[in-house]
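Quick notes on the structure that follows.
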Amino acid sequence: MRLPYVTASGPISFESITNVISVPATLRLSGIILALLLSGCGDEQPRQQSSEKKSGLTKVEQTDWLSMQDETAPGDWLIAREMKSGAKLLPDDADKLRQSLAEASARFKDSPRMIANRAVQLEQMLKDEGSDETASVLIGGLTKAVAPGRIESFGAAGQQYYNMRKAGLSRERAFDELSKHYGTGG
């Protein structure tokens, strides 16, 4: 049973609308309604809730980006990336990298995952410019150069560092400039 749509001038039924609207307009309206109904249907799998299942990433070198669903710790992911690139890391170096990542997370109020991803992104941007700085060097240098609360995020500090390096400043000079502006004395 169809309930009529009621206006101030009385009830309106679908049949009375089709009498007022031309047939081509009615067909267009029917087509639009059909398209809207069918757009909700598809063959795609339902999305998994991030709390339901993790990606199960076990080989850290499989990805260039660490997602929220990855079970690999950001420090371990960075270490594996550096080792894959041919770096010779001692156990003490790995511990220092994990500590540096934890310090950066506390200083910038970003998650270790976010800092690791931004450092790798910055590493790649600098590599494209001909520099060979690693993510671990960038994390350590930016963390030492910037005082807590002096810049909004690790990504913002990294962007400023990149701009200075692209402008021709050396690694040391760029870190010094950041320290002058955003360090404890800035």
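Labels used: A, B, ... for chains in the order of the structure tokens, numbers from 1 for residues in each chain, and numbers from 1 for ligands as shown.
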Within 12 Å of A:Ser85, counting only C-alpha atoms, which residues show up once you throw out same-chain ones fewer than 6 positions away? Write them as a PyMOL selection string, please.
chain A and resi 61+78-79+132+134-135
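The list of residues with at least one atom within 8 Å of stretch 148-164 of chain A, based on only C-alpha atoms and without residues fewer than 4 positions apart in the same chain, reads Ala104, Arg107, Phe108, Lys109, Asp110, Ile115, Arg118, Ala119, Leu122, Met125, Leu126, Leu142, Gly168, Leu169, Ala174, Phe175, Leu178, Tyr182 and Gly183 of chain A.
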One-decimal distance in Å that lies between atom CA of A:Met83 and atom CA of A:Lys96
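Computing it gives 14.7 Å between the two atoms.
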Do you have the atom CA of A:Trp65-atom CA of A:Arg165 distance handy?
23.3 Å
Write down as a PyMOL selection string the residues belonging to stretch 68-181 of chain A that are assigned helix (DSSP H, G or I) by DSSP computed on the backbone.
chain A and resi 74-84+91-108+112-128+135-145+154-166+171-181
Between A:Gly130, A:Gly140, A:Pro112, A:Gly86, which residue has the minimum interatomic distance to A:Thr72, considering only C-alpha atoms?
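Counting only C-alpha atoms, the residue closest to A:Thr72 is A:Pro112.
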